[in-house]
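Student: If it helps, the file is called coords04.txt and holds compact mmCIF, C-alpha atoms and all ligand atoms:
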# COMPACT_ATOMS: atom_id res chain seq x y z
CA MET A 157 3.15 0.46 -9.16
CA LYS A 158 1.96 3.17 -11.53
CA PRO A 159 4.30 6.20 -11.60
CA PHE A 160 2.98 9.15 -9.61
CA ALA A 161 3.91 12.74 -8.78
CA TYR A 162 4.80 13.61 -5.18
CA VAL A 163 3.93 16.82 -3.34
CA ASP A 164 5.78 17.29 -0.06
CA ALA A 165 3.31 19.67 1.59
CA ARG A 166 4.86 21.80 4.34
CA ASN A 167 1.56 22.64 6.00
CA GLU A 168 -2.23 22.25 5.87
CA GLN A 169 -2.65 24.95 3.18
CA GLU A 170 -0.09 23.41 0.83
CA ALA A 171 -1.63 19.98 1.26
CA LEU A 172 -5.11 21.30 0.51
CA ALA A 173 -3.92 23.23 -2.53
CA ALA A 174 -2.50 20.03 -4.04
CA LEU A 175 -5.73 17.99 -3.74
CA VAL A 176 -8.24 17.88 -6.59
CA PRO A 177 -11.99 17.16 -6.36
CA GLN A 178 -11.93 14.09 -8.66
CA ARG A 179 -11.99 10.91 -6.57
CA GLY A 180 -8.74 8.93 -6.50
CA ARG A 181 -6.57 11.22 -8.64
CA THR A 182 -4.73 12.84 -5.72
CA LEU A 183 -4.42 11.05 -2.39
CA PRO A 184 -3.03 12.15 0.98
CA LEU A 185 -0.08 10.04 2.13
CA ALA A 186 0.42 9.79 5.89
CA GLY A 187 2.35 6.80 7.30
CA GLY A 188 1.70 4.86 4.07
CA MET A 189 0.92 1.65 5.99
CA ASP A 190 -2.31 1.16 4.06
CA LEU A 191 -2.03 3.35 0.98
CA LEU A 192 1.27 2.05 -0.40
CA GLY A 193 0.07 -1.57 -0.28
CA LEU A 194 -3.06 -0.65 -2.21
CA MET A 195 -0.94 1.13 -4.82
CA LYS A 196 1.49 -1.78 -5.16
CA ASP A 197 -1.51 -4.04 -5.79
CA TYR A 198 -2.92 -1.62 -8.42
CA VAL A 199 -6.15 -1.21 -6.42
CA LEU A 200 -5.53 2.53 -6.11
CA GLN A 201 -3.61 4.31 -8.88
CA PRO A 202 -3.39 8.02 -8.01
CA ASP A 203 -1.61 10.48 -10.29
CA THR A 204 -0.28 12.39 -7.26
CA LEU A 205 0.49 11.63 -3.63
CA VAL A 206 0.37 14.53 -1.19
CA ASN A 207 2.51 14.03 1.91
CA VAL A 208 0.38 15.08 4.91
CA LYS A 209 2.81 14.23 7.68
CA ALA A 210 3.28 17.99 8.28
CA LEU A 211 -0.33 18.29 9.50
CA ASP A 212 -0.71 18.89 13.23
CA ALA A 213 0.75 15.94 15.16
CA ALA A 214 0.23 17.39 18.65
CA ILE A 215 -1.89 15.87 21.40
CA GLU A 216 -3.31 18.60 23.64
CA ALA A 217 -5.04 17.54 26.84
CA PRO A 218 -5.44 20.72 28.93
CA ALA A 219 -6.71 20.55 32.52
CA GLN A 220 -10.04 21.92 31.31
CA GLY A 221 -11.78 22.04 27.96
CA LEU A 222 -11.52 19.92 24.88
CA VAL A 223 -8.82 17.38 24.10
CA ARG A 224 -7.34 17.65 20.58
CA ILE A 225 -5.39 14.99 18.75
CA GLY A 226 -3.70 16.06 15.50
CA ALA A 227 -4.32 13.81 12.48
CA ALA A 228 -0.55 13.36 12.01
CA ALA A 229 -0.09 12.07 15.59
CA ARG A 230 1.22 8.52 15.43
CA ILE A 231 -0.78 5.67 16.92
CA THR A 232 2.17 5.11 19.28
CA ASP A 233 1.83 8.72 20.49
CA VAL A 234 -1.80 8.04 21.40
CA ALA A 235 -1.00 4.71 23.04
CA GLU A 236 1.77 6.21 25.19
CA HIS A 237 0.13 9.51 26.19
CA ALA A 238 -0.30 9.38 29.96
CA GLU A 239 -3.14 11.92 30.24
CA LEU A 240 -5.08 10.29 27.38
CA GLY A 241 -4.66 7.00 29.24
CA LYS A 242 -6.31 8.48 32.34
CA LEU A 243 -9.13 10.22 30.48
CA PHE A 244 -9.79 7.72 27.67
CA PRO A 245 -8.57 4.26 28.74
CA ALA A 246 -10.56 2.55 25.98
CA LEU A 247 -8.77 4.64 23.34
CA THR A 248 -5.37 3.79 24.82
CA HIS A 249 -6.26 0.10 24.93
CA ALA A 250 -7.40 0.19 21.30
CA ALA A 251 -4.28 2.06 20.16
CA LEU A 252 -2.02 -0.44 21.94
CA GLY A 253 -3.74 -3.28 20.09
CA VAL A 254 -3.17 -1.92 16.57
CA GLY A 255 -1.00 -4.18 14.39
CA THR A 256 2.58 -4.23 15.64
CA PRO A 257 4.94 -1.65 17.23
CA GLN A 258 6.30 -0.86 13.74
CA ILE A 259 2.79 -0.21 12.36
CA ARG A 260 1.89 1.93 15.38
CA ASN A 261 5.15 3.90 14.96
CA ALA A 262 4.41 4.72 11.30
CA GLY A 263 0.59 4.80 11.22
CA THR A 264 -1.17 8.05 12.04
CA VAL A 265 -4.53 8.83 13.61
CA GLY A 266 -5.85 10.37 10.37
CA GLY A 267 -4.65 7.41 8.30
CA ASN A 268 -6.10 4.98 10.79
CA LEU A 269 -9.58 6.51 10.52
CA MET A 270 -9.30 6.75 6.72
CA GLN A 271 -7.82 3.28 6.08
CA ARG A 272 -9.65 1.37 3.39
CA PRO A 273 -11.62 -1.89 3.86
CA ARG A 274 -9.76 -5.17 4.23
CA CYS A 275 -12.16 -7.15 2.00
CA TRP A 276 -9.91 -9.48 -0.01
CA TYR A 277 -11.99 -9.00 -3.16
CA PHE A 278 -11.58 -5.22 -2.87
CA ARG A 279 -7.82 -5.65 -2.38
CA ASN A 280 -7.37 -7.91 -5.40
CA GLU A 281 -7.17 -6.07 -8.73
CA GLU A 282 -8.79 -9.06 -10.50
CA PHE A 283 -12.16 -8.53 -8.78
CA HIS A 284 -14.17 -5.62 -10.16
CA CYS A 285 -16.75 -5.54 -7.38
CA LEU A 286 -19.45 -3.00 -6.49
CA LYS A 287 -16.96 -0.87 -4.58
CA LYS A 288 -14.83 -0.52 -7.71
CA GLY A 289 -17.77 0.28 -9.99
CA GLY A 290 -18.60 -3.34 -10.86
CA ALA A 291 -21.98 -5.05 -10.84
CA ARG A 292 -21.76 -7.46 -7.92
CA CYS A 293 -20.41 -8.14 -4.46
CA PHE A 294 -18.22 -11.25 -4.62
CA ALA A 295 -18.48 -11.80 -0.87
CA VAL A 296 -22.16 -12.73 -1.11
CA ASP A 297 -21.51 -16.11 -2.73
CA GLY A 298 -17.81 -16.23 -1.93
CA GLU A 299 -15.42 -16.32 1.02
CA ASN A 300 -17.16 -14.17 3.59
CA GLN A 301 -15.93 -15.46 6.93
CA TYR A 302 -14.57 -12.03 7.94
CA HIS A 303 -17.35 -9.95 6.42
CA ALA A 304 -20.26 -8.05 7.97
CA ILE A 305 -22.96 -9.47 10.21
CA PHE A 306 -24.89 -6.18 10.26
CA GLY A 307 -25.86 -3.67 7.61
CA GLU A 308 -27.67 -5.62 4.85
CA GLY A 309 -25.17 -4.73 2.13
CA PRO A 310 -25.11 -4.26 -0.79
CA CYS A 311 -21.38 -4.15 0.07
CA HIS A 312 -20.52 -6.27 3.11
CA ILE A 313 -17.18 -4.79 4.22
CA VAL A 314 -16.38 -4.41 7.90
CA HIS A 315 -15.01 -1.22 9.39
CA PRO A 316 -11.33 -1.84 10.27
CA SER A 317 -10.22 1.09 12.48
CA SER A 318 -9.58 0.20 16.12
CA LEU A 319 -9.52 3.89 17.10
CA ALA A 320 -12.89 4.78 15.58
CA GLY A 321 -15.01 2.89 18.15
CA PRO A 322 -13.52 4.61 21.21
CA ILE A 323 -13.64 8.02 19.51
CA ILE A 324 -17.36 7.54 18.83
CA ALA A 325 -18.04 6.06 22.29
CA TYR A 326 -16.47 9.12 23.98
CA GLY A 327 -18.58 11.50 21.85
CA GLY A 328 -15.67 12.73 19.72
CA ARG A 329 -15.77 15.00 16.70
CA ILE A 330 -13.66 15.04 13.54
CA ARG A 331 -12.28 18.34 12.25
CA ILE A 332 -12.14 18.51 8.47
CA VAL A 333 -10.62 21.17 6.23
CA GLY A 334 -11.36 21.71 2.56
CA PRO A 335 -11.39 24.40 -0.12
CA ASP A 336 -14.45 26.04 1.50
CA GLY A 337 -12.94 26.20 5.00
CA GLU A 338 -13.29 23.97 8.00
CA ARG A 339 -16.10 21.93 9.53
CA GLU A 340 -16.55 19.57 12.42
CA VAL A 341 -18.54 16.36 12.16
CA GLU A 342 -19.61 14.14 15.03
CA ALA A 343 -17.48 11.01 14.80
CA ASP A 344 -20.72 9.03 14.95
CA ARG A 345 -21.75 10.64 11.62
CA PHE A 346 -18.34 10.63 9.95
CA PHE A 347 -18.56 7.10 8.55
CA LEU A 348 -21.12 6.32 5.83
CA MET A 349 -22.81 3.07 4.89
CA PRO A 350 -22.19 1.78 1.34
CA ASP A 351 -25.66 2.85 0.17
CA ARG A 352 -24.62 6.46 0.95
CA ASN A 353 -21.03 6.27 -0.31
CA MET A 354 -20.02 3.17 -2.26
CA TYR A 355 -16.59 4.45 -3.36
CA GLY A 356 -15.44 5.83 -0.02
CA GLU A 357 -16.33 5.08 3.57
CA THR A 358 -16.73 8.55 5.10
CA VAL A 359 -18.23 12.01 4.56
CA LEU A 360 -14.83 13.30 3.39
CA GLU A 361 -14.67 14.77 -0.12
CA PRO A 362 -11.59 13.91 -2.23
CA ASN A 363 -10.19 17.44 -1.75
CA GLU A 364 -10.71 17.52 2.02
CA LEU A 365 -8.42 16.45 4.87
CA VAL A 366 -8.95 15.17 8.39
CA THR A 367 -6.91 17.45 10.67
CA HIS A 368 -7.99 16.65 14.24
CA VAL A 369 -9.96 14.41 16.53
CA ILE A 370 -11.64 16.45 19.26
CA LEU A 371 -12.83 14.81 22.45
CA PRO A 372 -14.83 16.23 25.37
CA ARG A 373 -13.31 15.55 28.80
CA PRO A 374 -15.38 12.71 30.26
CA GLN A 375 -17.34 13.38 33.45
CA ASN A 376 -18.22 10.32 35.55
CA VAL A 377 -17.64 8.00 32.61
CA ARG A 378 -16.49 4.41 33.00
CA SER A 379 -15.23 2.80 29.82
CA ALA A 380 -13.49 -0.18 28.31
CA HIS A 381 -12.48 -1.62 24.95
CA HIS A 382 -12.29 -5.31 24.19
CA GLU A 383 -11.07 -7.12 21.05
CA VAL A 384 -11.11 -10.73 19.96
CA LYS A 385 -8.33 -11.70 17.54
CA PHE A 386 -7.14 -14.90 15.93
CA LYS A 387 -3.63 -13.89 16.95
CA GLN A 388 -2.49 -11.22 19.34
CA SER A 389 -0.45 -9.10 16.94
CA HIS A 390 -0.05 -8.25 13.27
CA ASP A 391 -3.73 -8.70 12.50
CA TRP A 392 -7.06 -6.89 12.70
CA PRO A 393 -9.57 -8.05 15.31
CA ILE A 394 -12.46 -10.35 14.37
CA THR A 395 -14.70 -8.21 16.57
CA MET A 396 -14.16 -5.23 18.85
CA ALA A 397 -16.43 -3.42 21.30
CA THR A 398 -16.05 -0.13 23.11
CA VAL A 399 -18.37 0.65 26.01
CA ALA A 400 -18.65 4.08 27.66
CA LEU A 401 -21.02 4.38 30.61
CA SER A 402 -22.01 7.81 31.99
CA MET A 403 -22.66 7.06 35.64
CA ASN A 404 -24.92 8.64 38.24
CA GLY A 405 -23.55 6.98 41.34
CA ASP A 406 -23.59 3.31 40.46
CA VAL A 407 -26.48 3.62 37.99
CA VAL A 408 -25.87 3.97 34.26
CA GLN A 409 -27.34 7.29 33.15
CA SER A 410 -26.51 6.77 29.49
CA ALA A 411 -24.39 4.32 27.54
CA ARG A 412 -22.57 4.05 24.26
CA VAL A 413 -21.76 0.62 22.91
CA VAL A 414 -19.84 0.65 19.62
CA LEU A 415 -18.80 -2.49 17.78
CA GLY A 416 -15.99 -2.69 15.23
CA ALA A 417 -15.29 -5.22 12.46
CA VAL A 418 -18.93 -6.32 12.27
CA ALA A 419 -20.50 -3.79 9.84
CA PRO A 420 -19.37 -1.36 7.13
CA ILE A 421 -19.22 1.41 9.76
CA PRO A 422 -18.48 1.39 13.50
CA TRP A 423 -21.78 -0.06 14.69
CA ARG A 424 -23.74 1.58 17.51
CA ALA A 425 -25.51 -1.23 19.37
CA ARG A 426 -28.43 0.93 20.42
CA ALA A 427 -30.45 -1.95 21.88
CA ALA A 428 -27.49 -2.75 24.15
CA GLU A 429 -27.25 0.91 25.13
CA ALA A 430 -30.95 0.86 26.05
CA ALA A 431 -30.51 -2.36 28.02
CA LEU A 432 -27.82 -0.71 30.17
CA THR A 433 -29.47 2.67 30.70
CA GLY A 434 -30.99 3.10 34.17
CA GLN A 435 -29.37 -0.14 35.40
CA ARG A 436 -26.65 -1.08 37.87
CA VAL A 437 -24.13 -3.14 35.94
CA SER A 438 -24.07 -6.77 37.06
CA ALA A 439 -23.46 -10.11 35.39
CA GLU A 440 -27.17 -10.13 34.43
CA THR A 441 -27.24 -6.66 32.86
CA ALA A 442 -24.01 -7.42 30.99
CA HIS A 443 -25.59 -10.58 29.57
CA ALA A 444 -28.77 -8.67 28.66
CA ALA A 445 -26.74 -5.98 26.89
CA ALA A 446 -24.68 -8.58 25.01
CA ASP A 447 -27.83 -10.40 23.88
CA ALA A 448 -29.39 -7.11 22.76
CA ALA A 449 -26.21 -6.13 20.85
CA VAL A 450 -26.51 -9.05 18.45
CA GLN A 451 -30.27 -9.54 18.32
CA ASP A 452 -30.51 -8.06 14.80
CA ALA A 453 -27.40 -9.71 13.37
CA GLN A 454 -27.76 -11.17 9.87
CA PRO A 455 -24.70 -13.33 9.27
CA MET A 456 -23.63 -14.43 5.81
CA SER A 457 -23.02 -18.04 4.72
CA GLY A 458 -19.58 -18.29 6.37
CA ASN A 459 -19.58 -15.96 9.36
CA ALA A 460 -22.32 -17.02 11.79
CA TYR A 461 -19.53 -17.63 14.32
CA LYS A 462 -18.98 -13.86 14.45
CA VAL A 463 -22.38 -13.32 16.07
CA ARG A 464 -21.32 -15.32 19.10
CA VAL A 465 -17.91 -13.71 19.18
CA ALA A 466 -19.46 -10.23 18.99
CA ARG A 467 -21.79 -11.12 21.84
CA THR A 468 -18.86 -12.21 24.02
CA THR A 469 -16.91 -9.09 23.06
CA VAL A 470 -19.72 -6.80 24.24
CA HIS A 471 -20.26 -8.82 27.41
CA ARG A 472 -16.60 -8.51 28.41
CA ALA A 473 -16.37 -4.84 27.49
CA VAL A 474 -19.44 -4.01 29.62
CA LEU A 475 -18.08 -5.88 32.63
CA ARG A 476 -14.63 -4.32 32.26
CA ALA A 477 -16.14 -0.83 31.97
CA ALA A 478 -17.96 -1.46 35.25
CA GLY A 479 -14.81 -2.80 36.90
CA LEU A 480 -16.20 -6.35 37.14
CA SER A 481 -14.42 -9.54 36.23
CA PRO A 482 -15.02 -10.75 32.64
CA THR A 483 -15.70 -14.21 34.04
CA ALA A 484 -18.88 -12.92 35.77
C1 LIG B 1 -0.37 -6.02 9.44
C2 LIG B 1 -1.26 -4.86 9.79
C3 LIG B 1 -2.08 -4.96 10.90
C4 LIG B 1 -2.93 -3.89 11.25
N1 LIG B 1 -3.77 -4.00 12.31
C5 LIG B 1 -4.61 -2.98 12.62
C6 LIG B 1 -5.52 -3.04 13.71
O1 LIG B 1 -5.54 -4.00 14.48
N2 LIG B 1 -6.33 -1.98 13.93
C7 LIG B 1 -6.31 -0.87 13.14
O2 LIG B 1 -7.05 0.05 13.38
N3 LIG B 1 -5.47 -0.79 12.10
C8 LIG B 1 -4.63 -1.82 11.84
N4 LIG B 1 -3.77 -1.69 10.78
C9 LIG B 1 -3.92 -0.56 9.90
C10 LIG B 1 -3.01 0.52 10.24
O3 LIG B 1 -3.28 1.00 11.53
C11 LIG B 1 -3.36 1.54 9.21
O4 LIG B 1 -2.92 1.05 7.98
C12 LIG B 1 -2.72 2.82 9.52
O5 LIG B 1 -3.31 3.36 10.66
C13 LIG B 1 -2.91 3.78 8.39
O6 LIG B 1 -2.29 4.93 8.81
P1 LIG B 1 -1.22 5.62 7.88
O7 LIG B 1 -0.87 6.87 8.58
O8 LIG B 1 -0.13 4.68 7.54
O9 LIG B 1 -2.16 5.92 6.61
P2 LIG B 1 -1.85 5.86 5.06
O10 LIG B 1 -1.62 4.47 4.64
O11 LIG B 1 -0.84 6.87 4.68
O12 LIG B 1 -3.28 6.34 4.54
C14 LIG B 1 -4.43 5.55 4.71
C15 LIG B 1 -5.59 6.22 3.98
O13 LIG B 1 -5.95 7.41 4.66
C16 LIG B 1 -5.85 8.54 3.80
N5 LIG B 1 -5.38 9.61 4.67
C17 LIG B 1 -4.28 9.60 5.45
N6 LIG B 1 -4.23 10.70 6.19
C18 LIG B 1 -5.31 11.44 5.88
C19 LIG B 1 -5.82 12.70 6.33
N7 LIG B 1 -5.21 13.42 7.27
N8 LIG B 1 -6.98 13.15 5.80
C20 LIG B 1 -7.63 12.43 4.86
N9 LIG B 1 -7.19 11.24 4.39
C21 LIG B 1 -6.05 10.75 4.91
C22 LIG B 1 -4.90 8.11 2.70
O14 LIG B 1 -5.11 8.81 1.49
C23 LIG B 1 -5.25 6.63 2.57
O15 LIG B 1 -6.39 6.43 1.76
C24 LIG B 1 -2.91 -2.72 10.46
C25 LIG B 1 -2.04 -2.61 9.36
C26 LIG B 1 -1.22 -3.67 9.03
C27 LIG B 1 -0.30 -3.52 7.86
S1 LIG B 2 -17.83 -6.64 0.39
FE1 LIG B 2 -17.73 -4.70 -0.73
S2 LIG B 2 -15.56 -4.49 -1.20
FE2 LIG B 2 -15.92 -6.66 -0.76
S3 LIG B 2 -16.47 -7.70 -2.70
FE3 LIG B 2 -18.38 -7.02 -1.78
S4 LIG B 2 -18.72 -5.00 -2.73
FE4 LIG B 2 -16.55 -5.45 -2.99
Please re-express this file's structure in structure tokens.
Ligand SMILES: Cc1cc2nc3c(=O)[nH]c(=O)nc-3n(C[C@H](O)[C@H](O)[C@H](O)COP(=O)(O)OP(=O)(O)OC[C@H]3O[C@@H](n4cnc5c(N)ncnc54)[C@H](O)[C@@H]3O)c2cc1C
Ligand code: SF4

Tutor:
Amino acid sequence: MKPFAYVDARNEQEALAALVPQRGRTLPLAGGMDLLGLMKDYVLQPDTLVNVKALDAAIEAPAQGLVRIGAAARITDVAEHAELGKLFPALTHAALGVGTPQIRNAGTVGGNLMQRPRCWYFRNEEFHCLKKGGARCFAVDGENQYHAIFGEGPCHIVHPSSLAGPIIAYGGRIRIVGPDGEREVEADRFFLMPDRNMYGETVLEPNELVTHVILPRPQNVRSAHHEVKFKQSHDWPITMATVALSMNGDVVQSARVVLGAVAPIPWRARAAEAALTGQRVSAETAHAAADAAVQDAQPMSGNAYKVRVARTTVHRAVLRAAGLSPTA
């Protein structure tokens, strides 16, 4: 690992003051679950790490008004928060599925949203791909069985955060602070496709920090999160889907269907949302939504299987959100 300086920031202001605008020179360090591995592999080589564990770690879920989750809250804190579990069951489910208990105990909400892509070419210092300023994407002609089935490149990473899908499905916002003050961005607009940001994955500037996730209290919303994994722990899902249905009686007034691990950003399946809107959820509407979710998929040479898996993931998430059996 390249030697680096370490700033132990005591608060938001000290952390901000230590960050510089040049990409990659200073990096926030939260739980270190992702960042330290990338540094040990010489993929990231910052001059300075800024400890951001002193950012707000509180979870506030008042009886009325907005719910706020501090960026330094641990994934375990989210998974075990009783009120969050009542209000946002899909978020709780997703948090409980992250990695292992040890990873959830160390990993933070901010770090989870900001974790870097899992592409094995990106994570290997030998491959100077598009994302590292090179001329080509090695996944196109290479080993792409876990890569994107949506998005058309030119970089075919998949978005890895389990928490991002539920946060988008529930209409969350991300609070960001930087040298010019604070701003809030809809979670749905926080993540950027590679053609808009090849060297990062979000709207965040190098001298900005994520400080909070802000969620509106759901009204008449039924929701669920479903993941398909090769193994049940210590791995990222092959596909994930979060479904949030705003109900008027037993009719879906509006729907959000967000897929994870299938595209460079959490992927809104808008055709599936349209297929559910105005409908009563049944086995037929769940099948129609699942078909619609993958109708525009463009698999690569080695990942056509993911289209079918994504379809099943959406189907089960829709049925679970509606309280129906996934075998319907
Ligand atoms: C074996 C394994 C399995 C895993 N499985 C899953 C899974 O199923 N689902 C899932 O979602 N994740 C999974 N993870 C990823 C894990 O959840 C993330 O690595 C972790 O959430 C990162 O959080 P951290 O606090 O450790 O971040 P760090 O590693 O400290 O930081 C990650 C990145 O975020 C940046 N960062 C951190 N905090 C902030 C902030 N407040 N503002 C701006 N930038 C910031 C850092 O600079 C760095 O680039 C897995 C990890 C491992 C090792
Ligand atoms: S998918 Fe993206 S990160 Fe992976 S090799 Fe291609 S350009 Fe690099």

Student: List as a ChimeraX atom specification the protein and nucleic acid residues lying within 6 Å of ligand LIG 1 (chain B), with all atoms listed in the file counted.

Tutor: /A:183-191,227,253-255,262-264,266-268,270-271,316-319,365-367,390-393

Student: For each of A:Val463, A:Ala304, A:Ala295, A:Met157, take the minimum atom-to-atom distance to A:Leu192, counting all atoms listed in the file, then give the residue where this is smallest.

Tutor: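 Closest to A:Leu192, using all atoms listed in the file: A:Met157.
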
Student: Would you give me, as JSON lines, each residue of chain A having an atom within 8 Å of an atom of ligand LIG 2 (chain B), along with its shortest atom pair and that distance in Å to one decimal, using only C-alpha atoms and all ligand atoms and sorting by chain and residue number?

Tutor:
{"residue": "A:Pro273", "atom": "CA", "partner": "B:LIG2", "partner_atom": "S2", "distance": 6.9}
{"residue": "A:Arg274", "atom": "CA", "partner": "B:LIG2", "partner_atom": "S2", "distance": 8.0}
{"residue": "A:Cys275", "atom": "CA", "partner": "B:LIG2", "partner_atom": "FE2", "distance": 4.7}
{"residue": "A:Trp276", "atom": "CA", "partner": "B:LIG2", "partner_atom": "FE2", "distance": 6.7}
{"residue": "A:Tyr277", "atom": "CA", "partner": "B:LIG2", "partner_atom": "S3", "distance": 4.7}
{"residue": "A:Phe278", "atom": "CA", "partner": "B:LIG2", "partner_atom": "S2", "distance": 4.4}
{"residue": "A:Arg279", "atom": "CA", "partner": "B:LIG2", "partner_atom": "S2", "distance": 7.9}
{"residue": "A:Phe283", "atom": "CA", "partner": "B:LIG2", "partner_atom": "S3", "distance": 7.5}
{"residue": "A:His284", "atom": "CA", "partner": "B:LIG2", "partner_atom": "FE4", "distance": 7.6}
{"residue": "A:Cys285", "atom": "CA", "partner": "B:LIG2", "partner_atom": "FE4", "distance": 4.4}
{"residue": "A:Leu286", "atom": "CA", "partner": "B:LIG2", "partner_atom": "S4", "distance": 4.3}
{"residue": "A:Lys287", "atom": "CA", "partner": "B:LIG2", "partner_atom": "S4", "distance": 4.9}
{"residue": "A:Lys288", "atom": "CA", "partner": "B:LIG2", "partner_atom": "FE4", "distance": 7.0}
{"residue": "A:Arg292", "atom": "CA", "partner": "B:LIG2", "partner_atom": "S4", "distance": 6.5}
{"residue": "A:Cys293", "atom": "CA", "partner": "B:LIG2", "partner_atom": "FE3", "distance": 3.5}
{"residue": "A:Phe294", "atom": "CA", "partner": "B:LIG2", "partner_atom": "S3", "distance": 4.4}
{"residue": "A:Ala295", "atom": "CA", "partner": "B:LIG2", "partner_atom": "FE3", "distance": 4.9}
{"residue": "A:Val296", "atom": "CA", "partner": "B:LIG2", "partner_atom": "FE3", "distance": 6.9}
{"residue": "A:His303", "atom": "CA", "partner": "B:LIG2", "partner_atom": "S1", "distance": 6.9}
{"residue": "A:Gly309", "atom": "CA", "partner": "B:LIG2", "partner_atom": "S1", "distance": 7.8}
{"residue": "A:Pro310", "atom": "CA", "partner": "B:LIG2", "partner_atom": "S4", "distance": 6.7}
{"residue": "A:Cys311", "atom": "CA", "partner": "B:LIG2", "partner_atom": "FE1", "distance": 3.8}
{"residue": "A:His312", "atom": "CA", "partner": "B:LIG2", "partner_atom": "S1", "distance": 3.8}
{"residue": "A:Ile313", "atom": "CA", "partner": "B:LIG2", "partner_atom": "S1", "distance": 4.3}
{"residue": "A:Val314", "atom": "CA", "partner": "B:LIG2", "partner_atom": "S1", "distance": 8.0}

Student: Near A:Ala431, within 9 Å and counting only C-alpha atoms, which residues show up once chain neighbours fewer than 6 positions away are dropped, as a list of chain:residue names?

Tutor: A:Thr441, A:Ala442, A:Ala444, A:Ala445, A:Ala448

Student: Figure out the distance between atom CA of A:Thr395 and atom CA of A:Ala466, please, to one decimal in Å.

Tutor: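 It comes out at 5.7 Å.
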
Student: For A:Glu170, which residue among A:Val208, A:Leu252, A:Val450, A:Ile305 is the nearest when counting all atoms listed in the file?

Tutor: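 Selected residue with least distance to A:Glu170: A:Val208.
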
Student: Smallest atom-to-atom distance to A:Glu239: which of A:Arg373, A:Arg412, A:Arg339, A:Arg181, using all atoms listed in the file?

Tutor: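 Ranked by minimum distance to A:Glu239, first place goes to A:Arg373.
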
Student: How many Å separate atom CA of A:Glu282 from atom CA of A:Met456?

Tutor: 22.7 Å

Student: Kindly indicate which residue among A:Ala246, A:Ala380, A:Val333, A:Ala325 lies nearest to A:Leu175, using only C-alpha atoms for the distances.

Tutor: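 Looking at the shortest contact to A:Leu175, the residue is A:Val333.
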
Student: Calculate how many Å separate atom CA of A:Ala173 from atom CA of A:Asp336, rounding to one decimal.

Tutor: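 Those two atoms sit 11.6 Å apart.
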
Student: So that I can see what lies close to A:Thr232, please list as a VMD selection string the residues with an atom at most 6 Å from it, counting all atoms listed in the file and leaving out residues fewer than 2 positions away in the same chain.

Tutor: chain A and resid 230 234 to 235 260 to 261

Student: Would you kindly return, as a short mmCIF file (atom, residue, chain, number, x, y, z; two decimals) with C-alpha atoms, in the coordinates of the input, each protein, DNA or RNA residue with an atom no farther than 9 Å from any atom of A:Lys158, considering all atoms listed in the file and excluding same-chain residues fewer than 6 positions away?

Tutor:
data_model
loop_
_atom_site.label_atom_id
_atom_site.label_comp_id
_atom_site.auth_asym_id
_atom_site.auth_seq_id
_atom_site.Cartn_x
_atom_site.Cartn_y
_atom_site.Cartn_z
CA MET A 195 -0.94 1.13 -4.82
CA LYS A 196 1.49 -1.78 -5.16
CA TYR A 198 -2.92 -1.62 -8.42
CA GLN A 201 -3.61 4.31 -8.88
CA PRO A 202 -3.39 8.02 -8.01
CA ASP A 203 -1.61 10.48 -10.29
#

Student: From the set A:Thr182, A:Ser402, A:Ser379, A:Thr433, which residue has the shortest atom-to-atom contact distance to A:Val474, counting all atoms listed in the file?

Tutor: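 Counting all atoms listed in the file, the residue closest to A:Val474 is A:Ser379.
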
Student: If we count all atoms listed in the file, what is near A:Ala446 at a cut-off of 6 Å, once residues fewer than 2 positions away on the same chain are taken out, given as a short mmCIF file (atom, residue, chain, number, x, y, z; two decimals) with C-alpha atoms, in the coordinates of the input?

Tutor:
data_model
loop_
_atom_site.label_atom_id
_atom_site.label_comp_id
_atom_site.auth_asym_id
_atom_site.auth_seq_id
_atom_site.Cartn_x
_atom_site.Cartn_y
_atom_site.Cartn_z
CA HIS A 443 -25.59 -10.58 29.57
CA ALA A 444 -28.77 -8.67 28.66
CA ALA A 448 -29.39 -7.11 22.76
CA ALA A 449 -26.21 -6.13 20.85
CA ARG A 467 -21.79 -11.12 21.84
CA VAL A 470 -19.72 -6.80 24.24
CA HIS A 471 -20.26 -8.82 27.41
#

Student: Using only C-alpha atoms, which of the listed residues (A:Gly180, A:Gly328, A:Gly226, A:Pro322) sits closest to A:Val414?

Tutor: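 Ranked by minimum distance to A:Val414, first place goes to A:Pro322.
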
Student: What residues have an atom no more than 10 Å from (-18.6, 12.7, 22.4) in the file's own frame, counting all atoms listed in the file, and can you write them as a PyMOL selection string?

Tutor: chain A and resi 322-329+342-344+370-374+412

Student: List every protein, DNA or RNA residue with an atom no more than 6 Å from (-12.0, 18.7, 13.5) in the file's coordinates, counting all atoms listed in the file, and format the result as a VMD selection string.

Tutor: chain A and resid 330 to 332 340 367 to 369
